[in-house]
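Participant: Contents of final-v1.txt (compact mmCIF, C-alpha atoms) are below:
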```txt
# COMPACT_ATOMS: atom_id res chain seq x y z
CA MET X 1 167.51 -19.54 352.50
CA SER X 2 164.26 -20.83 354.05
CA HIS X 3 160.86 -20.51 352.41
CA LYS X 4 159.77 -18.04 355.11
CA GLN X 5 162.83 -15.82 354.52
CA LYS X 6 162.15 -15.78 350.77
CA ILE X 7 158.57 -14.66 351.42
CA ASN X 8 159.78 -11.92 353.81
CA ILE X 9 162.30 -10.61 351.26
CA SER X 10 159.69 -10.72 348.49
CA LEU X 11 157.30 -8.72 350.69
CA PHE X 12 160.13 -6.29 351.45
CA TYR X 13 160.74 -5.65 347.75
CA ILE X 14 157.01 -5.35 347.04
CA GLY X 15 156.80 -2.77 349.84
CA LEU X 16 159.69 -0.77 348.36
CA ILE X 17 158.15 -0.85 344.86
CA VAL X 18 154.79 0.32 346.26
CA LEU X 19 156.63 3.07 348.19
CA LEU X 20 158.41 4.22 345.02
CA PHE X 21 155.23 4.26 342.93
CA SER X 22 153.33 6.12 345.68
CA THR X 23 156.16 8.65 345.94
CA VAL X 24 156.07 9.27 342.17
CA VAL X 25 152.29 9.77 342.20
CA VAL X 26 152.39 12.18 345.18
CA ALA X 27 155.34 14.10 343.71
CA VAL X 28 153.62 14.73 340.35
CA SER X 29 150.39 15.64 342.14
CA PHE X 30 151.85 18.60 344.07
CA GLY X 31 153.04 21.85 342.54
CA SER X 32 151.87 25.35 341.68
CA VAL X 33 148.74 23.64 340.32
CA HIS X 34 147.55 20.85 342.62
CA ILE X 35 146.15 17.84 340.76
CA ALA X 36 144.14 15.24 342.68
CA ILE X 37 145.88 11.86 343.05
CA LYS X 38 142.95 10.01 341.43
CA ASP X 39 143.27 12.32 338.40
CA VAL X 40 147.01 11.65 338.26
CA LEU X 41 146.32 7.89 338.13
CA VAL X 42 143.77 8.40 335.35
CA ILE X 43 146.28 10.51 333.37
CA PHE X 44 148.98 7.82 333.84
CA TYR X 45 146.56 5.17 332.57
CA SER X 46 145.54 7.38 329.65
CA GLY X 47 149.20 7.99 328.73
CA LEU X 48 150.05 4.27 328.89
CA THR X 49 147.02 3.08 326.90
CA ASP X 50 146.77 6.12 324.58
CA SER X 51 143.10 6.46 325.56
CA SER X 52 141.15 9.72 325.84
CA LEU X 53 140.72 11.55 329.16
CA PRO X 54 137.33 11.86 330.90
CA ASP X 55 135.64 15.24 330.36
CA ARG X 56 135.96 16.15 334.06
CA ILE X 57 139.79 16.32 333.81
CA ASN X 58 141.34 19.50 332.44
CA PRO X 59 143.33 18.48 329.31
CA ASN X 60 146.11 20.88 330.36
CA TYR X 61 146.76 18.62 333.36
CA GLN X 62 148.02 15.88 331.05
CA ASN X 63 150.68 18.20 329.62
CA ILE X 64 151.66 19.46 333.11
CA ILE X 65 152.14 15.91 334.41
CA LEU X 66 153.61 14.06 331.43
CA SER X 67 155.79 16.84 329.98
CA ILE X 68 156.84 18.89 333.02
CA ARG X 69 156.51 17.09 336.35
CA LEU X 70 157.02 13.43 335.44
CA PRO X 71 160.42 13.86 333.71
CA ARG X 72 161.63 15.86 336.72
CA VAL X 73 160.43 13.17 339.13
CA VAL X 74 161.90 10.34 337.03
CA LEU X 75 165.23 12.19 336.79
CA ALA X 76 165.31 12.73 340.57
CA GLY X 77 164.61 9.02 341.05
CA LEU X 78 167.40 7.96 338.68
CA VAL X 79 169.91 10.33 340.32
CA GLY X 80 168.96 9.12 343.82
CA ALA X 81 169.17 5.48 342.71
CA SER X 82 172.59 6.05 341.05
CA LEU X 83 174.13 7.70 344.10
CA ALA X 84 172.60 5.21 346.55
CA ILE X 85 173.79 2.03 344.79
CA THR X 86 177.25 3.57 344.30
CA GLY X 87 177.46 4.42 348.00
CA ALA X 88 176.36 0.88 348.93
CA ALA X 89 179.02 -0.66 346.67
CA PHE X 90 181.81 1.64 347.92
CA GLN X 91 180.89 0.99 351.56
CA GLY X 92 181.01 -2.75 350.89
CA LEU X 93 184.28 -2.50 348.98
CA LEU X 94 186.02 -0.37 351.61
CA ARG X 95 184.21 -1.99 354.57
CA ASN X 96 183.27 1.36 356.02
CA PRO X 97 179.84 3.08 356.31
CA LEU X 98 181.48 6.50 355.84
CA ALA X 99 182.48 5.77 352.23
CA ASP X 100 180.39 7.32 349.45
CA PRO X 101 181.02 9.27 346.22
CA TYR X 102 180.84 12.55 348.17
CA THR X 103 183.35 11.74 350.95
CA LEU X 104 185.75 10.00 348.53
CA GLY X 105 185.96 13.13 346.36
CA ILE X 106 184.48 11.42 343.28
CA SER X 107 181.50 13.79 343.15
CA SER X 108 183.90 16.74 343.21
CA GLY X 109 185.94 15.20 340.38
CA ALA X 110 182.78 14.74 338.32
CA SER X 111 181.82 18.34 339.12
CA VAL X 112 185.16 19.63 337.82
CA GLY X 113 184.61 17.72 334.57
CA ALA X 114 181.11 19.13 334.19
CA VAL X 115 182.09 22.71 335.10
CA MET X 116 185.00 22.62 332.65
CA THR X 117 182.62 21.42 329.93
CA ILE X 118 180.26 24.34 330.66
CA PHE X 119 183.10 26.86 331.18
CA PHE X 120 184.93 26.06 327.94
CA SER X 121 181.73 25.18 326.00
CA ILE X 122 183.25 21.81 325.10
CA SER X 123 181.35 19.64 322.63
CA LEU X 124 183.15 16.54 321.42
CA PRO X 125 182.48 15.36 317.85
CA ILE X 126 180.15 12.40 317.32
CA ILE X 127 178.91 12.17 320.94
CA GLY X 128 177.50 15.74 320.98
CA GLN X 129 175.09 16.15 323.95
CA LEU X 130 176.74 13.20 325.74
CA THR X 131 179.93 15.28 326.12
CA LEU X 132 178.88 16.52 329.58
CA PRO X 133 178.18 13.12 331.21
CA ILE X 134 181.14 11.40 329.53
CA LEU X 135 183.66 14.05 330.66
CA SER X 136 182.11 13.94 334.16
CA ILE X 137 182.58 10.16 334.23
CA VAL X 138 186.20 10.46 333.03
CA PHE X 139 187.03 13.05 335.71
CA ALA X 140 185.21 11.01 338.38
CA PHE X 141 187.26 7.93 337.53
CA LEU X 142 190.54 9.87 337.36
CA THR X 143 189.81 11.40 340.76
CA MET X 144 189.19 7.93 342.20
CA LEU X 145 192.51 6.68 340.81
CA ILE X 146 194.40 9.73 342.14
CA VAL X 147 192.83 9.38 345.60
CA ILE X 148 193.80 5.66 345.73
CA PHE X 149 197.34 6.47 344.45
CA PHE X 150 198.02 9.14 347.10
CA ALA X 151 196.37 7.11 349.84
CA ARG X 152 198.69 4.18 348.98
CA LYS X 153 201.70 6.54 349.11
CA LEU X 154 200.63 7.71 352.58
CA ASP X 155 199.72 4.26 353.87
CA ARG X 156 200.95 1.05 352.21
CA SER X 157 198.20 -0.98 353.89
CA LEU X 158 195.64 1.39 352.29
CA ARG X 159 193.45 1.69 355.38
CA VAL X 160 189.95 2.98 354.80
CA GLU X 161 190.49 6.01 357.06
CA THR X 162 193.44 7.08 354.88
CA ILE X 163 191.38 6.74 351.68
CA ILE X 164 188.50 8.80 353.11
CA LEU X 165 190.84 11.48 354.50
CA THR X 166 192.63 11.70 351.12
CA GLY X 167 189.24 11.92 349.39
CA ILE X 168 188.15 14.80 351.63
CA VAL X 169 191.45 16.65 350.98
CA PHE X 170 191.09 16.23 347.21
CA SER X 171 187.45 17.25 347.41
CA SER X 172 188.54 20.54 349.04
CA PHE X 173 191.22 21.07 346.38
CA LEU X 174 188.81 20.40 343.52
CA GLY X 175 186.30 22.73 345.18
CA ALA X 176 188.97 25.46 344.99
CA VAL X 177 189.49 24.69 341.27
CA ILE X 178 185.75 25.08 340.68
CA SER X 179 185.75 28.37 342.64
CA LEU X 180 188.61 29.63 340.46
CA MET X 181 186.65 28.84 337.29
CA ILE X 182 183.58 30.58 338.75
CA ALA X 183 185.70 33.66 339.53
CA LEU X 184 186.99 33.75 335.95
CA THR X 185 183.67 33.11 334.25
CA GLY X 186 181.29 35.61 332.76
CA GLU X 187 177.88 34.82 331.37
CA GLU X 188 178.11 31.12 332.37
CA LEU X 189 178.28 32.12 336.07
CA ARG X 190 174.59 31.73 336.77
CA GLN X 191 174.40 28.38 334.97
CA ILE X 192 177.43 26.99 336.83
CA ILE X 193 176.34 28.14 340.30
CA GLY X 194 172.76 26.93 339.78
CA TRP X 195 174.09 23.59 338.60
CA LEU X 196 176.59 23.24 341.49
CA LEU X 197 173.86 23.65 344.12
CA GLY X 198 172.20 20.50 342.84
CA SER X 199 168.83 20.56 341.13
CA VAL X 200 166.58 18.59 338.79
CA SER X 201 164.35 21.55 337.93
CA MET X 202 163.79 22.65 334.32
CA ARG X 203 165.03 19.27 333.08
CA GLY X 204 162.98 17.49 330.43
CA TRP X 205 162.90 13.94 329.11
CA LYS X 206 166.17 14.69 327.26
CA TYR X 207 168.11 14.58 330.53
CA VAL X 208 166.35 11.38 331.59
CA PHE X 209 167.42 9.68 328.36
CA ILE X 210 170.99 10.99 328.78
CA LEU X 211 171.28 9.47 332.27
CA LEU X 212 169.31 6.26 331.69
CA PRO X 213 171.89 4.24 329.65
CA PHE X 214 174.68 5.09 332.11
CA PHE X 215 172.42 4.12 335.02
CA ILE X 216 171.56 0.76 333.42
CA ILE X 217 175.22 -0.06 332.59
CA GLY X 218 176.62 1.08 335.96
CA SER X 219 173.92 -0.65 338.03
CA PHE X 220 174.23 -3.87 336.03
CA LEU X 221 178.02 -3.95 336.55
CA LEU X 222 177.63 -3.40 340.30
CA MET X 223 174.90 -6.05 340.62
CA LEU X 224 177.28 -8.56 339.02
CA GLN X 225 179.78 -7.87 341.84
CA ALA X 226 177.30 -8.50 344.69
CA ASN X 227 178.70 -11.90 345.73
CA GLU X 228 182.30 -10.65 345.50
CA LEU X 229 181.42 -7.64 347.67
CA ASN X 230 179.98 -10.03 350.25
CA VAL X 231 183.23 -12.01 350.30
CA MET X 232 185.45 -8.88 350.34
CA SER X 233 183.53 -7.55 353.35
CA PHE X 234 185.44 -10.20 355.38
CA GLY X 235 188.79 -8.90 354.14
CA GLU X 236 190.76 -8.92 350.91
CA GLU X 237 193.15 -11.66 352.01
CA GLN X 238 190.29 -14.05 352.74
CA ALA X 239 188.64 -13.13 349.42
CA GLN X 240 191.89 -13.92 347.54
CA HIS X 241 192.21 -17.19 349.44
CA ILE X 242 188.72 -18.21 348.28
CA GLY X 243 189.67 -17.38 344.69
CA VAL X 244 188.23 -13.89 344.12
CA ALA X 245 190.28 -11.76 341.69
CA VAL X 246 190.30 -8.88 344.17
CA GLN X 247 192.14 -6.26 342.10
CA SER X 248 190.02 -6.70 338.97
CA LYS X 249 186.80 -6.73 341.02
CA LYS X 250 187.85 -3.56 342.87
CA MET X 251 188.57 -1.89 339.53
CA MET X 252 185.18 -3.01 338.19
CA VAL X 253 183.38 -1.50 341.21
CA MET X 254 185.35 1.74 340.85
CA VAL X 255 184.59 1.98 337.11
CA ALA X 256 180.88 1.29 337.62
CA GLY X 257 180.72 3.75 340.54
CA SER X 258 182.43 6.42 338.43
CA ILE X 259 179.97 5.84 335.57
CA LEU X 260 176.99 6.26 337.89
CA THR X 261 178.39 9.20 339.84
CA GLY X 262 179.70 11.07 336.81
CA ALA X 263 176.43 10.73 334.88
CA ALA X 264 174.31 11.68 337.91
CA VAL X 265 176.44 14.75 338.68
CA ALA X 266 176.38 15.78 335.00
CA VAL X 267 172.56 16.05 334.90
CA SER X 268 171.81 17.23 338.45
CA GLY X 269 174.89 18.87 339.94
CA THR X 270 176.46 17.92 343.26
CA ILE X 271 173.97 16.29 345.62
CA GLY X 272 175.62 15.06 348.78
CA PHE X 273 174.89 12.43 351.45
CA VAL X 274 172.47 10.26 349.41
CA GLY X 275 175.15 7.61 348.85
CA LEU X 276 176.11 7.79 352.53
CA VAL X 277 172.74 7.67 354.29
CA ILE X 278 170.58 5.39 352.10
CA PRO X 279 172.81 2.26 352.12
CA HIS X 280 173.23 2.59 355.89
CA PHE X 281 169.44 2.74 356.31
CA VAL X 282 168.93 -0.22 353.94
CA ARG X 283 171.41 -2.38 355.89
CA LEU X 284 169.50 -1.66 359.09
CA LEU X 285 166.33 -2.93 357.37
CA ILE X 286 167.59 -5.99 355.48
CA GLY X 287 171.09 -6.85 356.66
CA PRO X 288 174.53 -6.72 354.97
CA ASN X 289 173.97 -9.10 352.01
CA HIS X 290 174.83 -7.06 348.90
CA ARG X 291 172.55 -9.21 346.74
CA HIS X 292 169.73 -7.38 348.50
CA VAL X 293 171.46 -4.18 349.66
CA LEU X 294 172.26 -3.04 346.09
CA PRO X 295 168.76 -3.38 344.52
CA ALA X 296 167.07 -2.13 347.71
CA SER X 297 169.36 0.94 347.70
CA ILE X 298 168.18 1.70 344.15
CA LEU X 299 164.52 1.70 345.23
CA VAL X 300 165.01 3.56 348.53
CA GLY X 301 167.47 6.07 347.00
CA ALA X 302 165.01 6.87 344.20
CA SER X 303 162.13 7.36 346.65
CA PHE X 304 164.27 9.50 348.97
CA LEU X 305 165.47 11.93 346.32
CA ILE X 306 161.99 12.26 344.79
CA LEU X 307 160.67 13.24 348.23
CA ALA X 308 163.64 15.58 348.82
CA ASP X 309 162.93 17.29 345.49
CA LEU X 310 159.23 17.57 346.40
CA VAL X 311 160.17 19.31 349.65
CA ALA X 312 162.70 21.53 347.83
CA ARG X 313 160.10 22.85 345.37
CA THR X 314 157.15 23.21 347.76
CA ILE X 315 158.51 24.30 351.15
CA ILE X 316 159.02 27.95 350.11
CA SER X 317 156.74 27.91 347.05
CA PRO X 318 156.67 29.64 344.57
CA ALA X 319 160.47 29.84 345.06
CA GLU X 320 162.58 26.66 345.11
CA LEU X 321 165.41 25.43 347.29
CA PRO X 322 168.30 23.52 345.69
CA ILE X 323 167.77 19.81 346.30
CA GLY X 324 171.33 19.55 347.65
CA VAL X 325 170.31 21.79 350.57
CA ILE X 326 167.58 19.34 351.61
CA THR X 327 169.83 16.25 351.37
CA ALA X 328 172.58 18.05 353.33
CA LEU X 329 170.17 19.10 356.11
CA ILE X 330 169.08 15.47 356.46
CA GLY X 331 172.39 13.76 355.72
CA ALA X 332 174.90 15.86 357.69
CA PRO X 333 173.44 15.05 361.16
CA ILE X 334 173.19 11.35 360.22
CA PHE X 335 176.81 11.48 359.00
CA GLY X 336 177.76 12.84 362.45
CA VAL X 337 175.89 10.02 364.22
CA ILE X 338 177.56 7.35 362.03
CA LEU X 339 180.97 8.95 362.65
CA MET X 340 180.43 8.93 366.44
CA ARG X 341 179.33 5.29 366.36
CA GLN X 342 182.44 4.40 364.37
CA ARG X 343 184.59 6.23 366.95
CA LEU X 344 182.95 4.37 369.83
CA LYS X 345 183.46 1.04 368.06
CA GLY X 346 187.09 1.97 367.37
```
When written as structure tokens, how does the structure in this file appear?
Facilitator:
Amino acid sequence: MSHKQKINISLFYIGLIVLLFSTVVVAVSFGSVHIAIKDVLVIFYSGLTDSSLPDRINPNYQNIILSIRLPRVVLAGLVGASLAITGAAFQGLLRNPLADPYTLGISSGASVGAVMTIFFSISLPIIGQLTLPILSIVFAFLTMLIVIFFARKLDRSLRVETIILTGIVFSSFLGAVISLMIALTGEELRQIIGWLLGSVSMRGWKYVFILLPFFIIGSFLLMLQANELNVMSFGEEQAQHIGVAVQSKKMMVMVAGSILTGAAVAVSGTIGFVGLVIPHFVRLLIGPNHRHVLPASILVGASFLILADLVARTIISPAELPIGVITALIGAPIFGVILMRQRLKG
């Protein structure tokens, strides 16, 4: 890589970091009580340095920002980053821009795990409050394995189209399972439906700290596979010829993707199209190299979902829209465009 290219990539990352920080500041500024951006920056500085606020700033603003809005914004960012990097990895693994946790049925599998946990009030010993994300991860991974198993039965060559079609079929089936549990439920109905629509509202720092370790582990595992994903994008046979342990690397990507998807779905519900749209947009900006696509997807995915949540809670204020509605309104048309382009290429 030339010196000029390194500078351009460095500037690209700096731009994405500035975008993310700006998005966070704007998102915590807006709400039922509008707080000026300069005051938000002062409150951030005060919180970081443990210094006292100037007299001109209402002390209640510090509680609103640091205890209510900031955890929500951080959680939205982590969920967006988790779904985006997973989508980027799956698209690289399967060599298809239509692959993401939503279209492969993994989000639906994670949702079944989470809904069952809520429905049966499951709490595993020792892990306690981590029961929900861990069961979501387990169901996400099992769904991935089942989709691959049936796709291989239908098509020995395991073409990407077969995997995606199988994922969509299983997603519909798992949706019916969730509907059955909703029909049978009583007092948990409101909680389950509100959760299924996708939201990061009324979530405190507790949810951030539940998701954070899974995000770090899953992202780290995927980043380690960046070079292998680059090689596998030219075909599995060529990757094996070069010396890549294709099967173990595929399993590693699937495990890491299940960790990220399951944990994200557990804390926010089903939020579609983030893992589909963001990696596609990132590749248009920076090219197909997964050493850059994966970290850039984290930053862009976080910024995107923070903005989507801001729109969801302000567009019909004081009421709120589920964040999944906003991502679907943006993502579904883009999904259609990508699908048509794939058809034309085919």
Participant: Can you work out which one of X:Ser233, X:Ser248, X:Ser199, X:Thr261 has the shortest atom-to-atom distance to Ile323 (chain X), counting all atoms listed in the file?
Facilitator: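 So, comparing all the options, the nearest one is X:Ser199.
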Participant: Which polymer residues, protein or nucleic acid, are no farther than 8 Å from (178.0, 6.3, 346.9), counting all atoms listed in the file, as a PDB file with C-alpha atoms, in the frame of the given file?
Facilitator:
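Writing the result to selection34.pdb gives the following:
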```pdb
ATOM      1  CA  SER X  82     172.590   6.050 341.050  1.00  0.00           C
ATOM      2  CA  LEU X  83     174.130   7.700 344.100  1.00  0.00           C
ATOM      3  CA  ALA X  84     172.600   5.210 346.550  1.00  0.00           C
ATOM      4  CA  ILE X  85     173.790   2.030 344.790  1.00  0.00           C
ATOM      5  CA  THR X  86     177.250   3.570 344.300  1.00  0.00           C
ATOM      6  CA  GLY X  87     177.460   4.420 348.000  1.00  0.00           C
ATOM      7  CA  ALA X  88     176.360   0.880 348.930  1.00  0.00           C
ATOM      8  CA  ALA X  89     179.020  -0.660 346.670  1.00  0.00           C
ATOM      9  CA  PHE X  90     181.810   1.640 347.920  1.00  0.00           C
ATOM     10  CA  GLN X  91     180.890   0.990 351.560  1.00  0.00           C
ATOM     11  CA  ALA X  99     182.480   5.770 352.230  1.00  0.00           C
ATOM     12  CA  ASP X 100     180.390   7.320 349.450  1.00  0.00           C
ATOM     13  CA  PRO X 101     181.020   9.270 346.220  1.00  0.00           C
ATOM     14  CA  TYR X 102     180.840  12.550 348.170  1.00  0.00           C
ATOM     15  CA  GLY X 257     180.720   3.750 340.540  1.00  0.00           C
ATOM     16  CA  THR X 261     178.390   9.200 339.840  1.00  0.00           C
ATOM     17  CA  VAL X 274     172.470  10.260 349.410  1.00  0.00           C
ATOM     18  CA  GLY X 275     175.150   7.610 348.850  1.00  0.00           C
ATOM     19  CA  LEU X 276     176.110   7.790 352.530  1.00  0.00           C
TER      20      LEU X 276
END
```
Participant: Could you pull the residues within 10 Å of Thr131 (chain X), counting all atoms listed in the file, minus those fewer than 4 positions along the same chain, as a list of chain:residue names?
Facilitator: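 Those residues are X:Gly113, X:Ala114, X:Thr117, X:Ile122, X:Ser123, X:Leu124, X:Pro125, X:Ile126, X:Ile127, X:Leu135, X:Ser136, X:Ile137, X:Ala266.
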Participant: Could you work out how far CA of Tyr207 (chain X) lies from CA of Gly269 (chain X), giving the answer in Å with one decimal?
Facilitator: 12.4 Å
Participant: Would you please work out which residue, of X:Arg291, X:His280, X:Arg69, X:Arg56, is nearest to Val25 (chain X) when using all atoms listed in the file?
Facilitator: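 Comparing X:Arg291, X:His280, X:Arg69, X:Arg56 against Val25 (chain X), the winner is X:Arg69.
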Participant: Extending 6 Å beyond the listed atoms of region 149-167 of chain X on each side, what axis-aligned box results? I want centre and edge lengths in Å to one decimal, as JSON.
Facilitator:
```
{"center_x": 195.1, "center_y": 5.5, "center_z": 350.8, "size_x": 25.2, "size_y": 24.9, "size_z": 24.6}
```
Participant: Which residue out of X:Ile106, X:Leu344, X:Ala256, X:Leu212 has the minimum interatomic distance to Leu75 (chain X) when only C-alpha atoms are used?
Facilitator: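 Closest candidate: X:Leu212.
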Participant: Using only C-alpha atoms, determine which residues lie at most 10 Å from Phe170 (chain X), disregarding the query and same-chain residues fewer than 3 positions distant; provide the list as an MDAnalysis selection string.
Facilitator: chainID X and resid 103:106 108:109 143:144 146:147 150 164:167 173:176
Participant: Interatomic distance between CA of Ile68 (chain X) and CA of Ile134 (chain X)?
Facilitator: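 Taking CA of Ile68 (chain X) and CA of Ile134 (chain X), their separation equals 25.7 Å.
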Participant: Could you list, as number ranges by chain, every residue within 12 Å of region 26-38 of chain X, counting all atoms listed in the file and ignoring same-chain residues fewer than 2 positions away?
Facilitator: X: 19-24, 40-45, 56-74, 76-77, 303-320
Participant: Show me as a list in words the residues that reach within 9 Å of (173.7, 20.1, 336.5), counting only C-alpha atoms and using the file's own coordinates.
Facilitator: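 Here is the list of nearby residues: Ser111, Ala114, Val115, Gln191, Ile192, Gly194, Trp195, Leu196, Leu197, Gly198, Ser199, Val200, Ala264, Val265, Ala266, Val267, Ser268, Gly269 and Thr270 of chain X.
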Participant: Have a look at X:Phe119, X:Phe214, X:Lys250, X:Leu329 and name the one nearest to Ser179 (chain X); count all atoms listed in the file.
Facilitator: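 So, comparing all the options, the nearest one is X:Phe119.
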Participant: Just give me the gap between CA of Leu130 (chain X) and CA of Val112 (chain X) in Å, one decimal is fine.
Facilitator: 16.1 Å
Participant: Restricting the calculation to all atoms listed in the file, which member of X:Pro295, X:Gly204, X:Gly218, X:Pro54 is positioned closest to Ser258 (chain X)?
Facilitator: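 Once distances to Ser258 (chain X) are computed over all atoms listed in the file, the minimum belongs to X:Gly218.
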Participant: Would you please work out which residue, of X:Ala81, X:Ala183, X:Asn96, X:Val231, is nearest to Ser219 (chain X) when using all atoms listed in the file?
Facilitator: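 Looking at the shortest contact to Ser219 (chain X), the residue is X:Ala81.
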Participant: Need to verify the contact set: Met232 (chain X), 12 Å, only C-alpha atoms, exclusion of same-chain residues closer than 2 positions in sequence. Can you return it as a PyMOL selection string?
Facilitator: chain X and resi 89-96+225-230+234-247+249-250+253+289-290
Participant: Would you mind completing region 217-235 of chain X to N, CA and C atoms and writing the output as a PDB file, keeping the file's coordinate frame?
Facilitator:
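Heads up, here's the output in out.pdb:
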```
ATOM      1  N   ILE X 217     173.895   0.591 332.688  1.00  0.00           N
ATOM      2  CA  ILE X 217     175.220  -0.060 332.590  1.00  0.00           C
ATOM      3  C   ILE X 217     175.897  -0.123 333.960  1.00  0.00           C
ATOM      4  N   GLY X 218     175.947   1.018 334.659  1.00  0.00           N
ATOM      5  CA  GLY X 218     176.620   1.080 335.960  1.00  0.00           C
ATOM      6  C   GLY X 218     175.969   0.166 336.987  1.00  0.00           C
ATOM      7  N   SER X 219     174.635   0.186 337.062  1.00  0.00           N
ATOM      8  CA  SER X 219     173.920  -0.650 338.030  1.00  0.00           C
ATOM      9  C   SER X 219     174.110  -2.132 337.720  1.00  0.00           C
ATOM     10  N   PHE X 220     174.047  -2.479 336.438  1.00  0.00           N
ATOM     11  CA  PHE X 220     174.230  -3.870 336.030  1.00  0.00           C
ATOM     12  C   PHE X 220     175.620  -4.372 336.424  1.00  0.00           C
ATOM     13  N   LEU X 221     176.652  -3.554 336.183  1.00  0.00           N
ATOM     14  CA  LEU X 221     178.020  -3.950 336.550  1.00  0.00           C
ATOM     15  C   LEU X 221     178.162  -4.141 338.053  1.00  0.00           C
ATOM     16  N   LEU X 222     177.545  -3.269 338.843  1.00  0.00           N
ATOM     17  CA  LEU X 222     177.630  -3.400 340.300  1.00  0.00           C
ATOM     18  C   LEU X 222     176.862  -4.620 340.799  1.00  0.00           C
ATOM     19  N   MET X 223     175.687  -4.870 340.214  1.00  0.00           N
ATOM     20  CA  MET X 223     174.900  -6.050 340.620  1.00  0.00           C
ATOM     21  C   MET X 223     175.694  -7.340 340.390  1.00  0.00           C
ATOM     22  N   LEU X 224     176.477  -7.364 339.308  1.00  0.00           N
ATOM     23  CA  LEU X 224     177.280  -8.560 339.020  1.00  0.00           C
ATOM     24  C   LEU X 224     178.351  -8.805 340.083  1.00  0.00           C
ATOM     25  N   GLN X 225     178.721  -7.748 340.823  1.00  0.00           N
ATOM     26  CA  GLN X 225     179.780  -7.870 341.840  1.00  0.00           C
ATOM     27  C   GLN X 225     179.222  -8.144 343.235  1.00  0.00           C
ATOM     28  N   ALA X 226     177.922  -8.384 343.366  1.00  0.00           N
ATOM     29  CA  ALA X 226     177.300  -8.500 344.690  1.00  0.00           C
ATOM     30  C   ALA X 226     177.937  -9.601 345.541  1.00  0.00           C
ATOM     31  N   ASN X 227     178.113 -10.796 344.968  1.00  0.00           N
ATOM     32  CA  ASN X 227     178.700 -11.900 345.730  1.00  0.00           C
ATOM     33  C   ASN X 227     180.148 -11.606 346.120  1.00  0.00           C
ATOM     34  N   GLU X 228     180.905 -11.003 345.200  1.00  0.00           N
ATOM     35  CA  GLU X 228     182.300 -10.650 345.500  1.00  0.00           C
ATOM     36  C   GLU X 228     182.376  -9.601 346.608  1.00  0.00           C
ATOM     37  N   LEU X 229     181.453  -8.641 346.603  1.00  0.00           N
ATOM     38  CA  LEU X 229     181.420  -7.640 347.670  1.00  0.00           C
ATOM     39  C   LEU X 229     181.121  -8.291 349.016  1.00  0.00           C
ATOM     40  N   ASN X 230     180.261  -9.295 349.017  1.00  0.00           N
ATOM     41  CA  ASN X 230     179.980 -10.030 350.250  1.00  0.00           C
ATOM     42  C   ASN X 230     181.249 -10.699 350.785  1.00  0.00           C
ATOM     43  N   VAL X 231     182.004 -11.318 349.885  1.00  0.00           N
ATOM     44  CA  VAL X 231     183.230 -12.010 350.300  1.00  0.00           C
ATOM     45  C   VAL X 231     184.279 -11.000 350.763  1.00  0.00           C
ATOM     46  N   MET X 232     184.432  -9.884 349.998  1.00  0.00           N
ATOM     47  CA  MET X 232     185.450  -8.880 350.340  1.00  0.00           C
ATOM     48  C   MET X 232     185.143  -8.150 351.640  1.00  0.00           C
ATOM     49  N   SER X 233     183.877  -8.206 352.081  1.00  0.00           N
ATOM     50  CA  SER X 233     183.530  -7.550 353.350  1.00  0.00           C
ATOM     51  C   SER X 233     184.203  -8.242 354.538  1.00  0.00           C
ATOM     52  N   PHE X 234     184.705  -9.489 354.323  1.00  0.00           N
ATOM     53  CA  PHE X 234     185.440 -10.200 355.380  1.00  0.00           C
ATOM     54  C   PHE X 234     186.944  -9.969 355.292  1.00  0.00           C
ATOM     55  N   GLY X 235     187.374  -9.195 354.304  1.00  0.00           N
ATOM     56  CA  GLY X 235     188.790  -8.900 354.140  1.00  0.00           C
ATOM     57  C   GLY X 235     189.306  -9.363 352.797  1.00  0.00           C
TER      58      GLY X 235
END
```
